[in-house]
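Just query18.txt here, compact mmCIF, C-alpha atoms:
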```
# COMPACT_ATOMS: atom_id res chain seq x y z
CA MET A 1 0.00 0.00 0.00
CA CYS A 2 1.30 3.48 -0.92
CA SER A 3 1.55 6.12 1.75
CA ASN A 4 3.11 9.53 2.32
CA SER A 5 5.81 7.89 4.42
CA GLU A 6 7.38 6.04 1.47
CA THR A 7 11.13 6.54 1.31
CA ASN A 8 13.79 6.16 -1.33
CA ILE A 9 16.99 4.55 -0.09
CA ARG A 10 20.03 6.80 -0.55
CA LEU A 11 23.46 5.24 -0.72
CA GLN A 12 25.98 7.55 0.91
CA ASN A 13 29.19 8.56 -0.83
CA SER A 14 32.09 10.71 0.30
CA ARG A 15 31.46 14.28 -0.84
CA SER A 16 35.05 15.10 -1.67
CA ASP A 17 34.85 13.57 -5.15
CA GLU A 18 31.46 14.79 -6.39
CA LEU A 19 33.20 16.76 -9.14
CA ILE A 20 34.40 13.88 -11.29
CA LEU A 21 35.97 15.63 -14.21
CA GLU A 22 36.22 18.95 -16.04
CA LEU A 23 36.78 19.32 -19.77
CA LYS A 24 38.21 22.67 -20.82
CA SER A 25 37.95 23.86 -24.38
CA VAL A 26 41.08 25.45 -25.82
CA HIS A 27 40.68 29.01 -27.05
CA PRO A 28 43.28 31.66 -27.90
CA PRO A 29 43.92 33.80 -24.79
CA SER A 30 42.49 36.80 -26.62
CA LEU A 31 39.09 35.06 -26.81
CA ASP A 32 38.83 33.98 -23.15
CA GLY A 33 35.79 35.49 -21.47
CA ARG A 34 34.48 36.98 -24.70
CA ALA A 35 31.14 36.25 -26.35
CA ASP A 36 30.84 33.11 -28.50
CA CYS A 37 32.88 30.99 -26.09
CA GLU A 38 29.75 29.70 -24.36
CA THR A 39 28.62 26.12 -23.95
CA TRP A 40 24.91 26.63 -24.58
CA SER A 41 24.07 22.93 -24.76
CA VAL A 42 25.32 19.55 -23.52
CA GLU A 43 23.83 16.24 -24.63
CA PHE A 44 24.23 12.48 -24.11
CA SER A 45 23.22 10.05 -26.85
CA PRO A 46 20.11 7.92 -26.13
CA ASP A 47 22.19 4.87 -25.13
CA GLY A 48 24.72 6.99 -23.23
CA SER A 49 27.68 6.00 -25.43
CA TRP A 50 28.40 9.51 -26.78
CA PHE A 51 28.59 12.97 -25.26
CA ALA A 52 28.43 16.25 -27.19
CA TRP A 53 28.84 19.87 -26.25
CA SER A 54 29.19 23.20 -28.02
CA ILE A 55 32.64 24.51 -27.10
CA GLY A 56 32.14 27.94 -28.68
CA HIS A 57 33.06 29.59 -31.97
CA GLY A 58 30.77 27.29 -33.95
CA ILE A 59 32.51 24.07 -32.86
CA VAL A 60 30.84 20.94 -31.45
CA TRP A 61 32.95 18.24 -29.85
CA VAL A 62 31.56 14.68 -29.67
CA VAL A 63 33.41 12.18 -27.47
CA ALA A 64 32.87 8.51 -26.69
CA TRP A 65 31.46 7.80 -23.23
CA PRO A 66 32.67 6.92 -20.68
CA LEU A 67 35.70 9.17 -20.90
CA ASP A 68 37.36 7.13 -18.16
CA ALA A 69 36.65 3.76 -16.56
CA ASP A 70 36.15 5.49 -13.20
CA LEU A 71 33.09 7.27 -14.57
CA VAL A 72 31.05 4.07 -14.67
CA GLN A 73 29.89 2.04 -11.73
CA GLY A 74 32.51 -0.51 -10.77
CA GLY A 75 35.29 1.27 -12.65
CA ASP A 76 36.05 -1.77 -14.85
CA ALA A 77 34.72 -0.58 -18.22
CA PRO A 78 37.09 -1.12 -21.15
CA GLN A 79 38.58 1.91 -22.85
CA SER A 80 36.63 2.89 -25.96
CA THR A 81 38.25 2.52 -29.38
CA ARG A 82 35.82 4.97 -30.99
CA GLN A 83 37.25 8.20 -32.38
CA ASP A 84 36.25 11.59 -31.02
CA LYS A 85 34.52 13.91 -33.49
CA THR A 86 34.78 17.64 -34.10
CA PHE A 87 32.00 19.30 -36.08
CA SER A 88 32.60 22.80 -37.45
CA CYS A 89 29.22 24.46 -37.92
CA GLY A 90 30.31 27.92 -39.07
CA HIS A 91 28.02 29.76 -36.66
CA THR A 92 27.44 29.82 -32.89
CA VAL A 93 25.77 26.57 -31.76
CA TRP A 94 22.86 27.02 -29.36
CA GLY A 95 21.03 23.69 -29.44
CA LEU A 96 22.06 20.02 -29.66
CA ALA A 97 20.06 16.80 -29.95
CA PHE A 98 20.95 13.17 -30.62
CA GLY A 99 18.40 11.04 -32.42
CA PRO A 100 16.38 9.09 -33.13
CA ARG A 101 15.40 8.22 -29.57
CA PRO A 102 13.75 4.78 -29.27
CA SER A 103 10.59 4.40 -27.26
CA LYS A 104 10.85 2.60 -23.94
CA ALA A 105 9.14 -0.47 -25.37
CA ALA A 106 11.44 -0.69 -28.40
CA SER A 107 14.78 0.37 -26.93
CA SER A 108 15.61 -3.11 -25.62
CA GLN A 109 14.88 -4.69 -29.01
CA VAL A 110 17.32 -2.55 -31.02
CA SER A 111 20.90 -3.81 -31.25
CA SER A 112 23.80 -1.51 -30.36
CA ASN A 113 25.13 -1.75 -33.93
CA GLU A 114 21.79 -0.67 -35.37
CA LYS A 115 21.56 2.21 -32.92
CA GLY A 116 25.04 3.41 -33.81
CA SER A 117 24.55 3.21 -37.57
CA ARG A 118 21.44 5.42 -37.36
CA LEU A 119 22.72 7.92 -34.81
CA LEU A 120 22.31 11.55 -35.87
CA LEU A 121 23.29 14.81 -34.21
CA ALA A 122 21.26 17.96 -34.86
CA THR A 123 22.90 21.34 -34.23
CA GLY A 124 20.84 24.53 -33.96
CA LEU A 125 22.71 27.61 -35.13
CA GLU A 126 22.59 31.34 -34.57
CA ASN A 127 21.63 32.02 -38.18
CA GLY A 128 18.46 29.89 -37.95
CA VAL A 129 19.87 26.85 -39.77
CA ILE A 130 19.80 23.32 -38.33
CA LYS A 131 22.66 21.09 -39.45
CA ILE A 132 22.24 17.31 -39.34
CA TRP A 133 25.36 15.14 -38.86
CA ASN A 134 26.10 11.42 -38.98
CA VAL A 135 27.84 10.80 -35.67
CA ILE A 136 29.67 7.64 -36.73
CA THR A 137 31.10 8.94 -40.03
CA GLY A 138 31.34 12.59 -38.99
CA ASP A 139 29.67 13.67 -42.25
CA ALA A 140 27.37 16.67 -42.55
CA LEU A 141 24.20 15.24 -44.13
CA TYR A 142 21.98 18.25 -44.85
CA ASP A 143 20.70 21.60 -43.57
CA LEU A 144 17.18 22.38 -42.40
CA LYS A 145 16.17 25.93 -43.26
CA GLY A 146 13.10 27.90 -42.29
CA HIS A 147 13.74 29.56 -38.92
CA GLU A 148 14.48 33.30 -39.03
CA GLY A 149 16.22 33.54 -35.67
CA VAL A 150 18.50 31.66 -33.29
CA VAL A 151 17.56 27.97 -33.00
CA ARG A 152 17.60 27.78 -29.23
CA ASN A 153 16.43 24.24 -28.52
CA LEU A 154 16.22 20.88 -30.32
CA VAL A 155 14.43 17.66 -29.30
CA PHE A 156 14.02 14.22 -30.86
CA PRO A 157 10.82 12.75 -29.34
CA GLN A 158 11.18 9.37 -27.65
CA ASN A 159 9.24 7.47 -30.29
CA GLY A 160 11.98 5.97 -32.46
CA LYS A 161 10.98 8.11 -35.44
CA LEU A 162 13.08 10.55 -37.43
CA THR A 163 11.13 13.51 -36.10
CA LEU A 164 12.93 16.63 -34.89
CA ILE A 165 11.38 19.53 -32.98
CA SER A 166 13.05 22.95 -32.91
CA SER A 167 12.28 26.17 -31.06
CA SER A 168 13.61 29.56 -32.05
CA ARG A 169 13.84 33.22 -31.22
CA ASP A 170 11.61 33.81 -34.25
CA LYS A 171 8.71 32.90 -31.90
CA THR A 172 7.90 29.59 -33.61
CA LEU A 173 8.34 25.86 -33.12
CA ARG A 174 8.85 23.54 -36.08
CA ILE A 175 8.32 19.79 -36.40
CA TRP A 176 10.56 18.27 -39.09
CA ASP A 177 10.04 14.82 -40.59
CA LEU A 178 13.62 13.79 -41.42
CA SER A 179 12.44 10.66 -43.19
CA ARG A 180 10.97 12.80 -45.99
CA LYS A 181 13.43 14.55 -48.26
CA ALA A 182 10.95 17.32 -48.96
CA SER A 183 11.31 18.54 -45.38
CA PHE A 184 15.02 19.16 -45.83
CA VAL A 185 14.32 22.32 -47.79
CA GLY A 186 11.63 23.54 -45.45
CA LYS A 187 8.53 21.99 -47.08
CA LYS A 188 5.85 19.90 -45.36
CA VAL A 189 7.04 21.10 -41.97
CA HIS A 190 4.54 21.76 -39.18
CA VAL A 191 4.98 25.29 -37.84
CA LEU A 192 3.48 26.11 -34.44
CA SER A 193 2.87 29.80 -33.73
CA GLY A 194 1.46 31.47 -30.64
CA HIS A 195 4.35 32.88 -28.67
CA LYS A 196 4.75 36.65 -28.74
CA ASP A 197 8.52 36.70 -28.22
CA TRP A 198 11.64 34.49 -27.94
CA ILE A 199 11.08 30.85 -27.04
CA SER A 200 13.57 29.89 -24.34
CA CYS A 201 13.05 26.14 -24.26
CA CYS A 202 10.82 23.27 -25.31
CA SER A 203 10.30 19.77 -23.94
CA VAL A 204 8.42 16.69 -25.17
CA SER A 205 6.50 14.30 -22.92
CA PRO A 206 7.90 10.73 -22.73
CA ASP A 207 4.95 9.28 -24.66
CA SER A 208 5.46 11.92 -27.40
CA SER A 209 1.84 13.07 -27.17
CA MET A 210 2.46 16.54 -25.78
CA MET A 211 5.02 19.33 -25.97
CA ALA A 212 5.66 22.30 -23.70
CA SER A 213 7.38 25.56 -24.61
CA VAL A 214 8.26 28.62 -22.54
CA GLY A 215 8.66 32.19 -23.82
CA ARG A 216 11.39 34.17 -22.16
CA PHE A 217 9.78 37.61 -22.38
CA ASP A 218 6.13 36.86 -23.13
CA ARG A 219 6.04 34.67 -19.99
CA MET A 220 3.85 32.06 -21.70
CA VAL A 221 3.98 28.36 -20.80
CA CYS A 222 2.32 26.74 -23.79
CA LEU A 223 1.18 23.13 -24.16
CA TRP A 224 0.85 21.65 -27.65
CA SER A 225 -0.58 18.39 -28.99
CA LEU A 226 1.93 16.41 -31.05
CA ARG A 227 -0.89 14.25 -32.40
CA SER A 228 -2.84 17.09 -34.03
CA TYR A 229 -0.08 19.76 -33.97
CA THR A 230 -2.42 22.21 -32.26
CA PHE A 231 -2.29 24.53 -29.25
CA ILE A 232 -3.83 23.07 -26.07
CA ARG A 233 -3.53 25.75 -23.41
CA ASN A 234 -1.36 28.35 -21.73
CA LEU A 235 -0.51 27.55 -18.11
CA THR A 236 -1.27 30.60 -15.98
CA GLY A 237 -0.93 31.49 -12.32
CA GLY A 238 2.77 30.78 -12.12
CA SER A 239 3.74 34.06 -10.48
CA GLN A 240 2.23 37.18 -8.94
CA LYS A 241 5.21 39.31 -10.02
CA THR A 242 4.62 41.96 -12.66
CA PHE A 243 7.92 41.31 -14.44
CA TYR A 244 9.87 38.07 -14.66
CA LEU A 245 11.60 35.95 -17.28
CA LEU A 246 11.05 32.28 -18.07
CA ALA A 247 14.22 30.26 -18.58
CA SER A 248 13.58 26.53 -18.96
CA CYS A 249 11.11 23.62 -18.82
CA ASP A 250 11.18 19.83 -18.67
CA PHE A 251 8.75 16.92 -18.37
CA SER A 252 9.29 14.27 -15.71
CA HIS A 253 10.20 10.76 -16.87
CA ASP A 254 6.60 9.58 -16.52
CA GLY A 255 5.06 12.70 -18.11
CA ALA A 256 2.93 13.45 -15.04
CA LEU A 257 4.85 16.62 -14.10
CA LEU A 258 6.06 19.65 -16.00
CA ALA A 259 8.72 21.82 -14.36
CA THR A 260 9.19 25.46 -15.41
CA ALA A 261 11.94 27.83 -14.25
CA ALA A 262 11.68 31.62 -13.89
CA PHE A 263 13.55 34.49 -12.23
CA SER A 264 13.02 38.13 -11.33
CA GLY A 265 15.11 40.63 -9.39
CA SER A 266 16.57 38.83 -6.41
CA SER A 267 14.70 35.53 -6.63
CA TRP A 268 14.21 32.49 -8.86
CA TRP A 269 11.58 29.79 -8.62
CA ILE A 270 10.51 26.48 -10.12
CA ASP A 271 6.84 25.63 -10.62
CA LEU A 272 5.69 22.02 -10.92
CA TRP A 273 2.51 21.62 -12.98
CA ASP A 274 0.11 18.83 -13.79
CA PRO A 275 0.11 19.12 -17.61
CA TYR A 276 -3.22 17.31 -17.88
CA THR A 277 -5.24 19.55 -15.56
CA ALA A 278 -3.09 22.74 -15.80
CA GLU A 279 -2.94 22.82 -11.98
CA LYS A 280 0.17 24.19 -10.30
CA LEU A 281 1.18 21.64 -7.67
CA THR A 282 4.13 23.27 -5.92
CA THR A 283 6.68 26.08 -6.13
CA LEU A 284 10.32 26.01 -5.07
CA VAL A 285 11.65 29.51 -4.30
CA ASP A 286 15.16 30.86 -3.70
CA TYR A 287 15.95 34.39 -2.52
CA CYS A 288 19.14 36.43 -2.76
CA GLN A 289 20.17 39.60 -0.93
CA ILE A 290 21.78 41.03 -4.07
CA TYR A 291 19.21 42.41 -6.50
CA GLY A 292 19.52 41.22 -10.08
CA GLN A 293 22.06 38.49 -9.37
CA ASN A 294 19.98 35.38 -8.81
CA GLN A 295 19.28 34.02 -12.26
CA ILE A 296 18.28 30.43 -13.02
CA SER A 297 19.57 29.11 -16.34
CA ALA A 298 18.38 25.52 -16.73
CA LEU A 299 16.68 22.56 -15.10
CA ARG A 300 16.42 18.87 -15.99
CA PHE A 301 14.70 15.85 -14.44
CA SER A 302 16.86 12.83 -13.65
CA PRO A 303 16.11 9.65 -15.66
CA ASP A 304 14.40 8.01 -12.66
CA GLY A 305 12.28 11.10 -11.98
CA LEU A 306 13.42 11.40 -8.37
CA HIS A 307 15.47 14.58 -8.74
CA LEU A 308 15.76 17.86 -10.57
CA GLY A 309 19.14 19.19 -11.66
CA ILE A 310 19.24 23.00 -11.42
CA VAL A 311 21.82 25.45 -12.80
CA THR A 312 21.82 28.96 -11.34
CA GLU A 313 24.01 32.04 -11.46
CA ASP A 314 25.42 31.55 -7.97
CA ARG A 315 26.00 27.76 -7.99
CA ALA A 316 27.24 25.39 -10.68
CA LEU A 317 24.66 22.73 -9.77
CA ARG A 318 21.90 21.95 -7.31
CA ILE A 319 20.00 18.68 -6.92
CA TRP A 320 16.45 18.94 -5.57
CA GLU A 321 14.05 16.18 -4.65
CA PRO A 322 10.60 17.62 -5.53
CA GLY A 323 8.53 18.35 -2.48
CA GLN A 324 11.47 18.42 -0.08
CA LYS A 325 12.71 21.53 1.71
CA GLY A 326 16.24 22.50 0.83
CA MET A 327 18.60 20.93 -1.66
CA LEU A 328 19.60 17.28 -1.64
CA MET A 329 23.05 18.44 -2.75
CA GLN A 330 24.57 21.62 -4.13
CA THR A 331 27.95 23.01 -5.10
CA LYS A 332 29.58 25.77 -3.13
CA GLU A 333 28.37 29.29 -3.76
CA ASP A 334 30.37 30.74 -6.63
CA ARG A 335 29.11 33.63 -8.74
CA ALA A 336 31.90 32.98 -11.23
CA SER A 337 30.58 29.48 -12.01
CA ASN A 338 28.87 30.85 -15.13
CA GLY A 339 26.54 27.86 -15.49
CA LEU A 340 24.29 27.73 -18.55
CA CYS A 341 22.95 24.19 -19.05
CA CYS A 342 22.82 20.67 -17.63
CA ASN A 343 21.92 17.13 -18.65
CA PHE A 344 21.80 13.74 -16.94
CA HIS A 345 23.36 10.60 -18.34
CA PRO A 346 20.44 8.38 -19.52
CA ARG A 347 21.39 5.68 -17.01
CA GLY A 348 21.81 8.19 -14.19
CA GLY A 349 24.77 8.56 -11.87
CA VAL A 350 26.34 11.53 -13.68
CA VAL A 351 25.16 15.00 -14.64
CA ALA A 352 27.02 17.33 -17.02
CA THR A 353 26.96 21.12 -16.75
CA GLY A 354 28.11 23.66 -19.35
CA THR A 355 29.51 27.13 -18.68
CA ARG A 356 29.97 30.51 -20.36
CA ASP A 357 33.69 29.87 -20.89
CA GLY A 358 33.09 26.75 -22.98
CA HIS A 359 33.95 24.22 -20.27
CA VAL A 360 32.02 21.15 -19.11
CA ARG A 361 31.95 19.65 -15.63
CA PHE A 362 30.77 16.15 -14.76
CA TRP A 363 29.28 15.62 -11.31
CA LYS A 364 28.46 12.42 -9.47
CA VAL A 365 24.82 12.56 -8.44
CA PRO A 366 23.32 10.86 -5.36
CA ARG A 367 22.83 7.12 -5.74
CA VAL A 368 19.25 6.29 -4.83
CA VAL A 369 17.26 3.07 -4.76
CA PRO A 370 13.72 4.13 -5.70
CA SER A 371 10.94 2.98 -3.44
CA LEU A 372 8.41 0.43 -4.63
CA CYS A 373 5.72 3.11 -4.42
CA HIS A 374 7.70 5.39 -6.73
CA LEU A 375 8.31 2.60 -9.25
CA CYS A 376 4.62 1.65 -9.30
CA ARG A 377 3.54 5.27 -9.75
CA SER A 378 6.07 5.78 -12.55
CA ALA A 379 4.91 2.72 -14.45
CA LEU A 380 1.26 3.71 -14.09
CA ARG A 381 1.61 7.42 -14.91
CA HIS A 382 3.60 6.78 -18.07
CA SER A 383 0.40 5.57 -19.75
CA VAL A 384 -2.44 6.86 -17.53
CA SER A 385 -3.42 10.54 -17.33
CA THR A 386 -4.65 12.43 -14.30
CA HIS A 387 -8.17 12.48 -15.76
CA GLN A 388 -8.15 8.67 -15.88
CA ILE A 389 -6.82 8.33 -12.32
CA GLU A 390 -9.21 10.73 -10.56
CA PRO A 391 -12.37 8.58 -11.01
CA LEU A 392 -10.70 5.41 -9.68
CA PRO A 393 -12.36 3.97 -6.53
CA ILE A 394 -9.18 4.00 -4.44
CA PRO A 395 -8.35 5.58 -1.05
CA ARG A 396 -7.77 9.33 -1.15
CA ARG A 397 -4.21 9.02 0.14
CA ILE A 398 -3.24 6.73 -2.74
CA LEU A 399 -5.02 8.98 -5.23
CA GLU A 400 -3.07 12.00 -3.98
CA TYR A 401 0.18 10.10 -4.22
CA LEU A 402 -0.46 8.89 -7.77
CA SER A 403 -1.36 12.43 -8.90
CA TYR A 404 1.59 14.07 -7.06
CA ARG A 405 -0.77 16.04 -4.84
CA ASN A 406 0.89 14.80 -1.67
CA ILE A 407 3.71 17.38 -1.84
CA PRO A 408 3.66 20.84 -0.15
CA ASP A 409 2.40 23.66 -2.37
CA HIS A 410 5.30 25.99 -1.45
CA VAL A 411 8.91 25.15 -0.63
CA GLU A 412 11.97 27.33 -0.01
CA THR A 413 15.47 26.20 -0.85
CA GLY A 414 16.85 26.73 2.64
CA CYS A 415 20.59 26.63 3.21
CA LEU A 416 23.18 23.93 3.64
CA SER A 417 26.27 24.40 5.75
CA ASP A 418 29.65 24.37 4.05
CA GLU A 419 30.17 20.84 5.30
CA ASP A 420 27.06 19.73 3.37
CA GLU A 421 28.09 21.41 0.14
CA TRP A 422 30.06 19.78 -2.61
CA ALA A 423 33.65 20.78 -3.05
CA SER A 424 33.94 22.48 -6.42
```
Could I get this file's structure written as C-alpha cells?
Amino acid sequence: MCSNSETNIRLQNSRSDELILELKSVHPPSLDGRADCETWSVEFSPDGSWFAWSIGHGIVWVVAWPLDADLVQGGDAPQSTRQDKTFSCGHTVWGLAFGPRPSKAASSQVSSNEKGSRLLLATGLENGVIKIWNVITGDALYDLKGHEGVVRNLVFPQNGKLTLISSSRDKTLRIWDLSRKASFVGKKVHVLSGHKDWISCCSVSPDSSMMASVGRFDRMVCLWSLRSYTFIRNLTGGSQKTFYLLASCDFSHDGALLATAAFSGSSWWIDLWDPYTAEKLTTLVDYCQIYGQNQISALRFSPDGLHLGIVTEDRALRIWEPGQKGMLMQTKEDRASNGLCCNFHPRGGVVATGTRDGHVRFWKVPRVVPSLCHLCRSALRHSVSTHQIEPLPIPRRILEYLSYRNIPDHVETGCLSDEDEWAS
C-alpha cells in the first residue's frame, strides 16, 4: 500500500569527489571570457555512449562515453576505441540533440550496432539553420532551413521516429520529418505559432503526445498536442510578479509533471505543474540579498524522476528532490561558475553542466534506490493521465500520491552548511 511515508533509499558517498571531471575547451587567450565561447548545450546520446557539447566559436565536440573507466559504476569498463569527433558548424551553436530516440518499449529490441549506424546529431545555429550530422562517419548530411532567428532548442521525441522539434527566437516551433526529403528544404514542416517573443526552451512528454514551450519575455507556458499539432492551453498562475523571465522547462520521466523555471530581481523559482489539468502543484523559491544576481539558467529531471538538476548564477549545480525543503546536494556558492545548461546521463549517476567559458563539468549525483511506491507510480503514470486516475475507486491518500498532490504547495530552498556542500 502506498503512503506519504514512502522513502527512497540513498546510498551515501564521500562528498570530496562529487566533481568527477572537467573538460576545458582550448581558445586563444584573446578570446577567453568573450562572447561566442559559451557552452549553450550539452547532450548524451540515447544509449549513453556519446557525449556532445558546443565549445564555442561554432565548434561541437563529440566524445565517446565513458571518458574514463572510473566514470562508470565498478570502474572496470574497457577503454573505448571509438574516435572523437569535431563538427565545425560555421556559426554559434545554441542547441544540440541526438536522435532518433527509441521508445521505452522498443529500446531493448534494437541492437547496439543498429543504434550506432542510425545515430544523428542535430545542431541549432545562430543564423536559424539546423545542421544534421552522422555521428559515426562525422559527415554533414543536410541543412534544415526555415527559422528566421536563433535555434535555441532541439528535441528528438522518444518514439523511435526521425522527427525533430526545434524552437527559435523567431517565436515559432517547427516539427521536421527527417524521413521525408521534402522537409530538408523547409517543405511539409509543421509550424506552431502562438508565442509573442523568444522561445527559451521546449520539452516533449515521454509518450510523445504533448510538448511544452516557454517564452522568455512573453512569460507564456504553452502546451501543444503532437498528435494534431495544435495549441492546447497556456498555463497561468505561475507568479504574482509583474515582471519576470522564463528560462527553462522539462517533463518528468513519466510525463505526469512539468517543471518550469523563472527568475526576477533577487529571486528564482521552479513551478511544478500537472500538464493534464493545468494545476500548479508546488513552487520552489530561492531568494538572494543582491538584486539582479539570482538568475536560473536551466533545469532537468533525472532519468528516474526522483530529482531535478538545477543550474543557477550563484552555484554550478543543485539537486532537488521535488517536495522536499532545501537541496539534496549543491555546489559551493560561486558567482563565477557561469553555469548555462545541464543534462543527466540516460542511465543516471552523472550530470554534465556547461559554462559561459566553454567548459564542461561532470558531477556524481546521489545514488538512490527508488521505493516500490515510486516505481509503481512511474509505471502507471507513463500511460495513464490524471483524468483517468481521478475517477478510480481508491483511497484518497493513494489517489493524492499517484497524482503528485501529496507534496507541499510551497517550498523554499533553505541553506546547507559548508560541510554539506560539494567541493567544487
Note to self: Can you pull out the residues contacting Leu21 in chain A? Cut-off 9 Å, using all atoms listed in the file, and skip same-chain residues under 5 positions away; I want them as JSON, numbers by chain.
What the structure shows: {"A": [71, 360, 361, 362, 363]}
Notebook entry, point to check: For the atom pair CA of Gly99 in chain A and CA of Ser179 in chain A, what is the interatomic distance in Å to one decimal place?
Noted result: 12.3 Å
Note to self: What's the separation between CA of Ile394 in chain A and CA of Cys376 in chain A, in Å to one decimal place?
What the structure shows: 14.8 Å
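Here the question is which of A:His307, A:His374, A:Lys332, A:Arg356 gets nearest to Phe344 in chain A using all atoms listed in the file, and that residue is A:His307.
For the pair CA of Arg367 in chain A and CA of Arg101 in chain A, the separation is 25.0 Å.
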Next item on the list: Please provide as a PyMOL selection string all residues within 9 Å of Asp207 in chain A, with the sequence filter that same-chain residues fewer than 5 positions apart are discarded (counting all atoms listed in the file).
Entry: chain A and resi 103-104+157-159+254-255+382-383
Checklist line | Protein/DNA/RNA residues near (14.7, 23.1, -15.7), cut 8 Å, all atoms listed in the file, as a PyMOL selection string | finding: chain A and resi 247-250+259-261+270+297-301+308-310
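Near range 275-278 of chain A, within a cut-off of 7 Å and counting only C-alpha atoms, sit the residues A:Leu235, A:Ala256, A:Leu257, A:Leu258, A:Ser385, A:Thr386, with same-chain residues fewer than 6 positions away left out.
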For Lys131 in chain A, please output as an mmCIF file with C-alpha atoms, in the coordinates of the input all residues within 6 Å (counting all atoms listed in the file; exclusion window: fewer than 3 positions along the same chain).
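As written to disk, result.cif reads:
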```
data_model
loop_
_atom_site.group_PDB
_atom_site.id
_atom_site.type_symbol
_atom_site.label_atom_id
_atom_site.label_comp_id
_atom_site.auth_asym_id
_atom_site.auth_seq_id
_atom_site.Cartn_x
_atom_site.Cartn_y
_atom_site.Cartn_z
ATOM 1 C CA ALA A 122 21.260 17.960 -34.860
ATOM 2 C CA THR A 123 22.900 21.340 -34.230
ATOM 3 C CA ASP A 143 20.700 21.600 -43.570
#
```
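Contact shell of Val311 in chain A at 10 Å (all atoms listed in the file; same-chain neighbours under 3 positions omitted): Gln295, Ile296, Ser297, Ala298, Leu299, Arg300, Leu308, Asp314, Arg315, Ala316, Leu317, Arg318, Ile319, Gln330, Ser337, Asn338, Gly339, Leu340, Cys341, Cys342, Thr353, Gly354 and Thr355 of chain A.
For the choices A:Asp84, A:Pro100, A:Cys373, A:Leu164, the atom-to-atom distance to Ile398 in chain A is smallest for A:Cys373 when using only C-alpha atoms.
For the choices A:Arg152, A:Trp176, A:Asp47, A:Tyr244, the atom-to-atom distance to Ser213 in chain A is smallest for A:Arg152 when using all atoms listed in the file.
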Next item on the list: Determine the nearest neighbour of Leu306 in chain A from the options A:Lys145, A:Arg180, A:His345, A:His253, counting all atoms listed in the file.
Entry: A:His253
Output as JSON the centre and edge lengths (Å, one decimal) of the box along x, y and z of the file that holds every listed atom of range 394-411 of chain A after adding 5 Å on each side.
```
{"center_x": -0.1, "center_y": 15.0, "center_z": -4.4, "size_x": 28.1, "size_y": 32.0, "size_z": 19.0}
```
Next item on the list: Counting all atoms listed in the file, figure out which residue out of A:Arg381, A:Leu119, A:Ile175, A:Ala352 gets nearest to Ser205 in chain A.
Entry: A:Arg381
Just give me the residues with any atom within 9 Å of (9.7, 22.0, 0.8), file coordinates, counting all atoms listed in the file, written as an mmCIF file with C-alpha atoms, in the frame of the given file.
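Result written to point_9.cif:
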```
data_model
loop_
_atom_site.group_PDB
_atom_site.id
_atom_site.type_symbol
_atom_site.label_atom_id
_atom_site.label_comp_id
_atom_site.auth_asym_id
_atom_site.auth_seq_id
_atom_site.Cartn_x
_atom_site.Cartn_y
_atom_site.Cartn_z
ATOM 1 C CA THR A 282 4.130 23.270 -5.920
ATOM 2 C CA THR A 283 6.680 26.080 -6.130
ATOM 3 C CA LEU A 284 10.320 26.010 -5.070
ATOM 4 C CA PRO A 322 10.600 17.620 -5.530
ATOM 5 C CA GLY A 323 8.530 18.350 -2.480
ATOM 6 C CA GLN A 324 11.470 18.420 -0.080
ATOM 7 C CA LYS A 325 12.710 21.530 1.710
ATOM 8 C CA GLY A 326 16.240 22.500 0.830
ATOM 9 C CA ILE A 407 3.710 17.380 -1.840
ATOM 10 C CA PRO A 408 3.660 20.840 -0.150
ATOM 11 C CA ASP A 409 2.400 23.660 -2.370
ATOM 12 C CA HIS A 410 5.300 25.990 -1.450
ATOM 13 C CA VAL A 411 8.910 25.150 -0.630
ATOM 14 C CA GLU A 412 11.970 27.330 -0.010
ATOM 15 C CA THR A 413 15.470 26.200 -0.850
ATOM 16 C CA GLY A 414 16.850 26.730 2.640
#
```
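The residue that comes closest to Leu226 in chain A, out of A:Ser266, A:Asn343, A:Thr312, A:Thr163 and on the basis of only C-alpha atoms, is A:Thr163.
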